[in-house]
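Source file: upload00.csv. Holds: CSV, C-alpha atoms (C1' of nucleotides).
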chain,number,residue,atom,x,y,z
A,180,MET,CA,22.5,12.0,21.5
A,181,ASN,CA,20.6,13.9,24.1
A,182,GLY,CA,23.7,15.7,25.3
A,183,ARG,CA,24.6,16.6,21.8
A,184,ARG,CA,21.1,17.9,21.2
A,185,ALA,CA,21.2,19.9,24.5
A,186,ASN,CA,24.4,21.4,23.3
A,187,ALA,CA,22.8,22.4,20.1
A,188,PHE,CA,20.0,24.2,21.8
A,189,ARG,CA,22.4,26.0,24.0
A,190,ARG,CA,24.7,27.0,21.2
A,191,ILE,CA,21.9,28.3,19.1
A,192,TYR,CA,20.9,30.4,22.0
A,193,ALA,CA,24.4,31.8,22.3
A,194,LEU,CA,24.4,32.6,18.6
A,195,LEU,CA,21.1,34.4,18.7
A,196,ASP,CA,22.0,36.2,21.8
A,197,GLN,CA,25.2,37.4,20.3
A,198,ALA,CA,23.5,38.4,17.1
A,199,TYR,CA,20.6,40.3,18.5
A,200,GLY,CA,21.4,41.2,22.1
A,201,PRO,CA,19.0,41.7,25.0
A,202,GLN,CA,15.3,41.9,23.8
A,203,HIS,CA,13.9,42.9,27.2
A,204,TRP,CA,10.3,41.7,26.7
A,205,TRP,CA,8.0,43.3,29.2
A,206,PRO,CA,10.7,44.8,31.3
A,207,GLY,CA,9.1,47.9,32.9
A,208,ASP,CA,5.4,46.9,32.7
A,209,SER,CA,3.4,45.8,35.7
A,210,THR,CA,2.9,42.0,36.0
A,211,PHE,CA,-0.8,42.5,35.3
A,212,GLU,CA,-0.1,44.4,32.1
A,213,VAL,CA,2.1,41.5,31.0
A,214,GLN,CA,-0.8,39.1,31.5
A,215,VAL,CA,-3.1,41.3,29.6
A,216,GLY,CA,-0.5,41.6,26.8
A,217,ALA,CA,-0.1,37.8,26.6
A,218,ILE,CA,-3.9,37.5,25.9
A,219,LEU,CA,-4.1,40.4,23.5
A,220,THR,CA,-1.1,39.3,21.4
A,221,GLN,CA,-2.8,36.0,20.3
A,222,ASN,CA,-2.2,35.8,16.6
A,223,THR,CA,-1.7,39.6,16.5
A,224,ALA,CA,1.2,42.0,15.8
A,225,TRP,CA,2.6,43.5,18.9
A,226,THR,CA,2.3,47.1,17.6
A,227,ASN,CA,-1.5,46.6,17.6
A,228,VAL,CA,-1.4,45.3,21.1
A,229,GLU,CA,0.4,48.3,22.3
A,230,ARG,CA,-2.4,50.6,21.1
A,231,ALA,CA,-5.0,48.5,22.9
A,232,LEU,CA,-2.9,48.5,26.1
A,233,GLU,CA,-2.6,52.3,25.8
A,234,ASN,CA,-6.3,52.6,25.5
A,235,LEU,CA,-6.8,50.5,28.6
A,236,ARG,CA,-4.3,52.7,30.4
A,237,GLN,CA,-6.0,55.9,29.4
A,238,ASN,CA,-9.4,54.5,30.4
A,239,ARG,CA,-8.2,53.2,33.8
A,240,LEU,CA,-8.9,49.6,32.7
A,241,LEU,CA,-5.6,48.0,33.7
A,242,SER,CA,-6.8,46.2,36.8
A,243,PRO,CA,-8.8,43.0,37.2
A,244,ARG,CA,-11.6,44.7,39.0
A,245,ALA,CA,-11.9,47.5,36.5
A,246,ILE,CA,-12.1,45.0,33.6
A,247,VAL,CA,-14.7,42.7,35.2
A,248,SER,CA,-16.7,45.9,36.1
A,249,ALA,CA,-16.6,47.3,32.6
A,250,SER,CA,-19.4,46.6,30.0
A,251,HIS,CA,-18.5,44.4,27.1
A,252,ALA,CA,-19.0,47.3,24.7
A,253,GLN,CA,-16.7,49.6,26.7
A,254,LEU,CA,-14.0,46.9,27.0
A,255,ALA,CA,-14.3,45.8,23.4
A,256,GLU,CA,-14.0,49.4,22.1
A,257,GLN,CA,-10.7,49.8,23.8
A,258,LEU,CA,-9.4,46.5,22.4
A,259,ARG,CA,-10.4,47.3,18.9
A,260,PRO,CA,-6.9,48.0,17.6
A,261,SER,CA,-5.6,44.6,18.7
A,262,GLY,CA,-8.1,42.7,16.5
A,263,TYR,CA,-10.6,40.0,17.5
A,264,TYR,CA,-11.9,42.6,19.9
A,265,ASN,CA,-15.1,40.8,20.9
A,266,VAL,CA,-13.3,37.5,21.5
A,267,LYS,CA,-10.5,39.2,23.4
A,268,ALA,CA,-12.9,41.2,25.6
A,269,GLU,CA,-14.5,37.9,26.7
A,270,ARG,CA,-11.2,36.2,27.2
A,271,LEU,CA,-9.9,39.1,29.3
A,272,ARG,CA,-13.0,39.1,31.4
A,273,HIS,CA,-12.8,35.4,32.0
A,274,TYR,CA,-9.2,35.7,32.9
A,275,CYS,CA,-9.8,38.5,35.3
A,276,GLN,CA,-12.7,36.8,36.9
A,277,TRP,CA,-10.5,33.7,37.5
A,278,LEU,CA,-7.7,35.9,38.9
A,279,LEU,CA,-10.0,37.5,41.4
A,280,GLU,CA,-11.4,34.0,42.4
A,281,GLN,CA,-7.9,32.8,43.0
A,282,GLY,CA,-7.4,35.7,45.5
A,283,GLY,CA,-5.3,37.8,43.1
A,284,GLU,CA,-1.8,37.5,41.9
A,285,ARG,CA,-0.4,37.5,45.4
A,286,ALA,CA,-2.1,34.2,46.2
A,287,LEU,CA,-0.8,32.5,43.1
A,288,HIS,CA,2.8,32.9,43.9
A,289,THR,CA,2.7,30.0,46.3
A,290,ALA,CA,1.2,27.5,43.9
A,291,PRO,CA,3.4,24.8,42.4
A,292,THR,CA,4.1,25.5,38.8
A,293,ASP,CA,2.5,22.3,37.3
A,294,GLN,CA,-0.7,22.9,39.3
A,295,PHE,CA,-0.7,26.6,38.5
A,296,ARG,CA,-0.3,25.7,34.8
A,297,ARG,CA,-3.3,23.3,34.8
A,298,ASN,CA,-5.3,25.9,36.6
A,299,LEU,CA,-4.5,28.5,34.0
A,300,LEU,CA,-5.4,26.2,31.1
A,301,SER,CA,-8.8,25.7,32.6
A,302,VAL,CA,-9.6,29.4,31.9
A,303,LYS,CA,-11.5,29.8,28.6
A,304,GLY,CA,-9.3,31.6,26.1
A,305,ILE,CA,-6.0,30.6,27.8
A,306,GLY,CA,-4.2,28.0,25.6
A,307,PRO,CA,-0.8,26.5,26.1
A,308,GLU,CA,1.2,29.4,24.7
A,309,THR,CA,-0.7,32.1,26.5
A,310,ALA,CA,-0.5,30.2,29.7
A,311,ASP,CA,3.2,29.8,29.4
A,312,ASP,CA,3.8,33.4,28.5
A,313,ILE,CA,2.0,34.3,31.7
A,314,LEU,CA,3.8,31.7,33.8
A,315,LEU,CA,7.2,32.7,32.5
A,316,CYS,CA,7.0,36.5,32.0
A,317,ALA,CA,4.6,37.5,34.7
A,318,PHE,CA,5.2,34.9,37.4
A,319,HIS,CA,8.8,34.0,36.6
A,320,ARG,CA,8.2,30.2,36.4
A,321,PRO,CA,10.7,28.1,34.5
A,322,VAL,CA,8.4,27.2,31.6
A,323,PHE,CA,9.6,27.4,28.0
A,324,VAL,CA,7.2,29.0,25.5
A,325,ILE,CA,6.6,27.2,22.3
A,326,ASP,CA,5.2,29.2,19.4
A,327,ALA,CA,4.9,28.8,15.6
A,328,TYR,CA,8.3,30.4,15.1
A,329,THR,CA,9.9,27.9,17.4
A,330,ARG,CA,8.3,25.0,15.5
A,331,ARG,CA,9.3,26.4,12.1
A,332,ILE,CA,12.9,27.3,12.9
A,333,PHE,CA,13.9,24.3,14.9
A,334,SER,CA,12.2,21.8,12.7
A,335,ARG,CA,14.0,23.2,9.7
A,336,LEU,CA,17.2,22.8,11.6
A,337,GLY,CA,16.2,19.1,12.1
A,338,LEU,CA,16.2,19.4,15.9
A,339,ILE,CA,12.5,18.8,16.4
A,340,ASP,CA,9.4,17.3,14.7
A,341,ALA,CA,7.2,20.2,13.6
A,342,LYS,CA,4.1,18.1,14.3
A,343,ALA,CA,5.0,17.0,17.8
A,344,ASN,CA,2.5,18.2,20.4
A,345,TYR,CA,3.0,21.3,22.5
A,346,GLU,CA,3.9,19.5,25.7
A,347,ALA,CA,6.5,17.3,24.1
A,348,LEU,CA,8.3,20.2,22.5
A,349,ARG,CA,8.2,22.2,25.7
A,350,ARG,CA,9.7,19.3,27.7
A,351,ARG,CA,12.4,18.9,25.1
A,352,PHE,CA,13.5,22.5,25.4
A,353,GLU,CA,13.3,22.4,29.2
A,354,GLU,CA,15.3,19.3,29.4
A,355,ALA,CA,17.9,20.6,27.0
A,356,LEU,CA,18.3,23.9,28.8
A,357,GLY,CA,17.5,23.2,32.4
A,358,ASP,CA,15.4,25.5,34.6
A,359,ASP,CA,16.5,29.1,33.8
A,360,VAL,CA,13.8,31.8,33.8
A,361,PRO,CA,15.9,34.7,32.4
A,362,LEU,CA,17.3,32.4,29.7
A,363,TYR,CA,13.8,31.0,28.7
A,364,ASN,CA,12.5,34.6,28.5
A,365,GLN,CA,15.4,35.9,26.4
A,366,TYR,CA,15.4,32.7,24.2
A,367,HIS,CA,11.8,33.0,23.3
A,368,ALA,CA,12.2,36.7,22.5
A,369,LEU,CA,15.3,36.0,20.4
A,370,ILE,CA,13.4,33.3,18.4
A,371,VAL,CA,10.6,35.9,17.6
A,372,ARG,CA,13.2,38.5,16.8
A,373,HIS,CA,15.1,36.1,14.5
A,374,ALA,CA,11.9,35.0,12.8
A,375,LYS,CA,11.0,38.5,12.0
A,376,THR,CA,14.4,39.3,10.7
A,377,ALA,CA,15.0,36.2,8.5
A,378,CYS,CA,13.0,35.4,5.4
A,379,ARG,CA,9.6,34.1,6.3
A,380,THR,CA,8.5,32.6,3.0
A,381,LYS,CA,11.5,30.5,1.9
A,382,PRO,CA,12.6,27.5,4.0
A,383,GLN,CA,16.1,27.7,2.6
A,384,CYS,CA,16.5,31.1,4.1
A,385,GLU,CA,17.1,29.4,7.4
A,386,ALA,CA,20.4,28.6,5.7
A,387,CYS,CA,22.0,31.4,7.6
A,388,ALA,CA,24.2,31.3,10.6
A,389,LEU,CA,21.8,28.9,12.4
A,390,ARG,CA,22.1,26.2,9.9
A,391,LYS,CA,25.8,26.5,9.7
A,392,LEU,CA,25.9,26.3,13.5
A,393,CYS,CA,23.8,23.1,13.5
A,394,LYS,CA,26.1,21.4,11.0
A,395,ARG,CA,29.0,22.2,13.3
A,396,VAL,CA,27.1,20.9,16.2
A,397,ASP,CA,26.1,17.7,14.5
A,398,SER,CA,29.5,16.9,13.2
B,198,DA,C1',-5.2,42.7,-3.7
B,199,DC,C1',-2.9,39.7,-1.0
B,200,DC,C1',-0.3,37.8,3.3
B,201,DC,C1',0.8,37.8,8.0
B,202,DA,C1',0.9,38.7,13.0
B,203,DG,C1',4.3,37.0,20.0
B,204,DG,C1',-3.5,31.6,19.3
B,205,DG,C1',-7.7,29.5,20.8
B,206,DT,C1',-12.4,27.6,20.5
B,207,DC,C1',-15.8,25.1,18.5
B,208,DA,C1',-18.1,22.1,15.2
B,209,DT,C1',-17.5,18.3,12.4
B,210,DA,C1',-15.8,13.4,10.7
C,4,DT,C1',-7.3,13.0,17.0
C,5,DA,C1',-7.3,16.0,13.5
C,6,DT,C1',-8.6,19.2,10.3
C,7,DG,C1',-11.3,23.7,9.1
C,8,DA,C1',-14.0,27.9,10.0
C,9,DC,C1',-14.0,31.7,12.6
C,10,DC,C1',-12.5,35.7,15.1
C,11,DA,C1',-10.5,41.3,12.9
C,12,DT,C1',-7.1,45.1,13.0
C,13,DG,C1',-3.0,47.2,10.9
C,14,DG,C1',1.5,46.9,8.3
C,15,DG,C1',4.2,45.2,4.4
Please render this file's structure as structure tokens.
Amino acid sequence: MNGRRANAFRRIYALLDQAYGPQHWWPGDSTFEVQVGAILTQNTAWTNVERALENLRQNRLLSPRAIVSASHAQLAEQLRPSGYYNVKAERLRHYCQWLLEQGGERALHTAPTDQFRRNLLSVKGIGPETADDILLCAFHRPVFVIDAYTRRIFSRLGLIDAKANYEALRRRFEEALGDDVPLYNQYHALIVRHAKTACRTKPQCEACALRKLCKRVDS
DNA sequence: ACCCAGGGTCATA
DNA sequence: TATGACCATGGG
């Protein structure tokens, strides 16, 4: 049962990977920019986030100290294209204050992942998905990111309960796949890629290669 | 004129 | 614990 299910998760990955190829999320950016992007992309299209990141870059605001030193108005103005700019200015500031209190990114590399994660979640404005994006993509910890796409696609395939809580889903993916940072990163990116490609409004539109694959796996 | 996007917090019951 | 309001821009 569990082995079969693990096989399903792996085979779906193989199918997506073959279909879409490398997605290279945040490949050439600094780790701090990855962390900023993780916060700015909350419920927001990535193209809008890119504009805000470019604003921050132009205004020399891509460092924790620059961000905590900037005024709210200054920061919020640069974040405007990414939406929720007042909220996100506060969240970015809180995150950067926390980062500096921890002793910077350097000091965080020695922390055990579970402790690191709880610490991140204590920062106002950092929820489970943002924390896991940061842990996985910036700090290369083996944490699987669960987003709305993951819930929708995998529940339609009958592999998970859409209403299950975040931690339970995360553990299920991690147990099925085993610790593998590059795979977690690529898998999450592939899920987002697939969700944007496939029909978003009709559940039956998941009746594509993924559903066929699942039937093969289940039989 | 709608709907959605690489969520999270807070108030309410 | 579990919903609902709220945050806000830009593209389809």
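Residues in contact range of C:DA8, defined as at most 12 Å between only C-alpha atoms (C1' of nucleotides), with sequence neighbours fewer than 5 positions away removed, read DT206, DC207, DA208 and DT209 of chain B.
Our summary of the geometry notes that atom CA of A:Gln221 is positioned 15.4 Å from atom CA of A:His273.
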Considering only C-alpha atoms (C1' of nucleotides), give me a table of residues in chain C that are at most 6 Å from chain A, with the closest atom pair and distance in Å for each, as a tab-separated table.
residue	atom	partner	partner_atom	distance
C:DC10	C1'	A:Tyr263	CA	5.3
C:DA11	C1'	A:Gly262	CA	4.5
C:DT12	C1'	A:Gly262	CA	4.4
**Request:** Choose the residue, out of A:Ala268, A:Leu362, A:Leu314, A:Leu219, that has the smallest atom-to-atom separation from A:Gln253; count only C-alpha atoms.
**Result:**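 Once distances to A:Gln253 are computed over only C-alpha atoms, the minimum belongs to A:Ala268.
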**Request:** Return the neighbours of chain A among the residues of chain B, cut-off 6 Å, counting all atoms listed in the file, as a ChimeraX atom specification.
**Result:** /B:202,204-205
Take the residues just selected and output them with C-alpha atoms (C1' of nucleotides) as a PDB file, in the coordinates of the input.
ATOM      1  C1'  DA B 202       0.900  38.700  13.000  1.00  0.00           C
ATOM      2  C1'  DG B 204      -3.500  31.600  19.300  1.00  0.00           C
ATOM      3  C1'  DG B 205      -7.700  29.500  20.800  1.00  0.00           C
TER       4       DG B 205
END
**Atom-to-atom span, atom CA of A:Val322 and atom CA of A:Tyr363, Å** = 7.2 Å
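Here atom CA of A:Pro321 and atom CA of A:Thr292 stand 8.3 Å from one another.
For A:Tyr199, the set of protein, DNA and RNA residues having any atom at most 12 Å away, when counting all atoms listed in the file and skipping those fewer than 2 positions along the same chain, is A:Tyr192, A:Ala193, A:Leu194, A:Leu195, A:Asp196, A:Gln197, A:Pro201, A:Gln202, A:His203, A:Gln365, A:Tyr366, A:Ala368, A:Leu369, A:Ile370, A:Val371, A:Arg372, A:His373, A:Ala374, A:Lys375, A:Thr376.
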Could you save those same residues with C-alpha atoms as an mmCIF file, in the frame of the given file?
data_model
loop_
_atom_site.group_PDB
_atom_site.id
_atom_site.type_symbol
_atom_site.label_atom_id
_atom_site.label_comp_id
_atom_site.auth_asym_id
_atom_site.auth_seq_id
_atom_site.Cartn_x
_atom_site.Cartn_y
_atom_site.Cartn_z
ATOM 1 C CA TYR A 192 20.900 30.400 22.000
ATOM 2 C CA ALA A 193 24.400 31.800 22.300
ATOM 3 C CA LEU A 194 24.400 32.600 18.600
ATOM 4 C CA LEU A 195 21.100 34.400 18.700
ATOM 5 C CA ASP A 196 22.000 36.200 21.800
ATOM 6 C CA GLN A 197 25.200 37.400 20.300
ATOM 7 C CA PRO A 201 19.000 41.700 25.000
ATOM 8 C CA GLN A 202 15.300 41.900 23.800
ATOM 9 C CA HIS A 203 13.900 42.900 27.200
ATOM 10 C CA GLN A 365 15.400 35.900 26.400
ATOM 11 C CA TYR A 366 15.400 32.700 24.200
ATOM 12 C CA ALA A 368 12.200 36.700 22.500
ATOM 13 C CA LEU A 369 15.300 36.000 20.400
ATOM 14 C CA ILE A 370 13.400 33.300 18.400
ATOM 15 C CA VAL A 371 10.600 35.900 17.600
ATOM 16 C CA ARG A 372 13.200 38.500 16.800
ATOM 17 C CA HIS A 373 15.100 36.100 14.500
ATOM 18 C CA ALA A 374 11.900 35.000 12.800
ATOM 19 C CA LYS A 375 11.000 38.500 12.000
ATOM 20 C CA THR A 376 14.400 39.300 10.700
#
**Request:** Could you please give me, as a ChimeraX atom specification, the residues of protein, DNA or RNA lying at most 12 Å from (-6.0, 13.4, 16.6) in the coordinate frame of the file, considering only C-alpha atoms (C1' of nucleotides)?
**Result:** /A:342-344 /B:210 /C:4-6
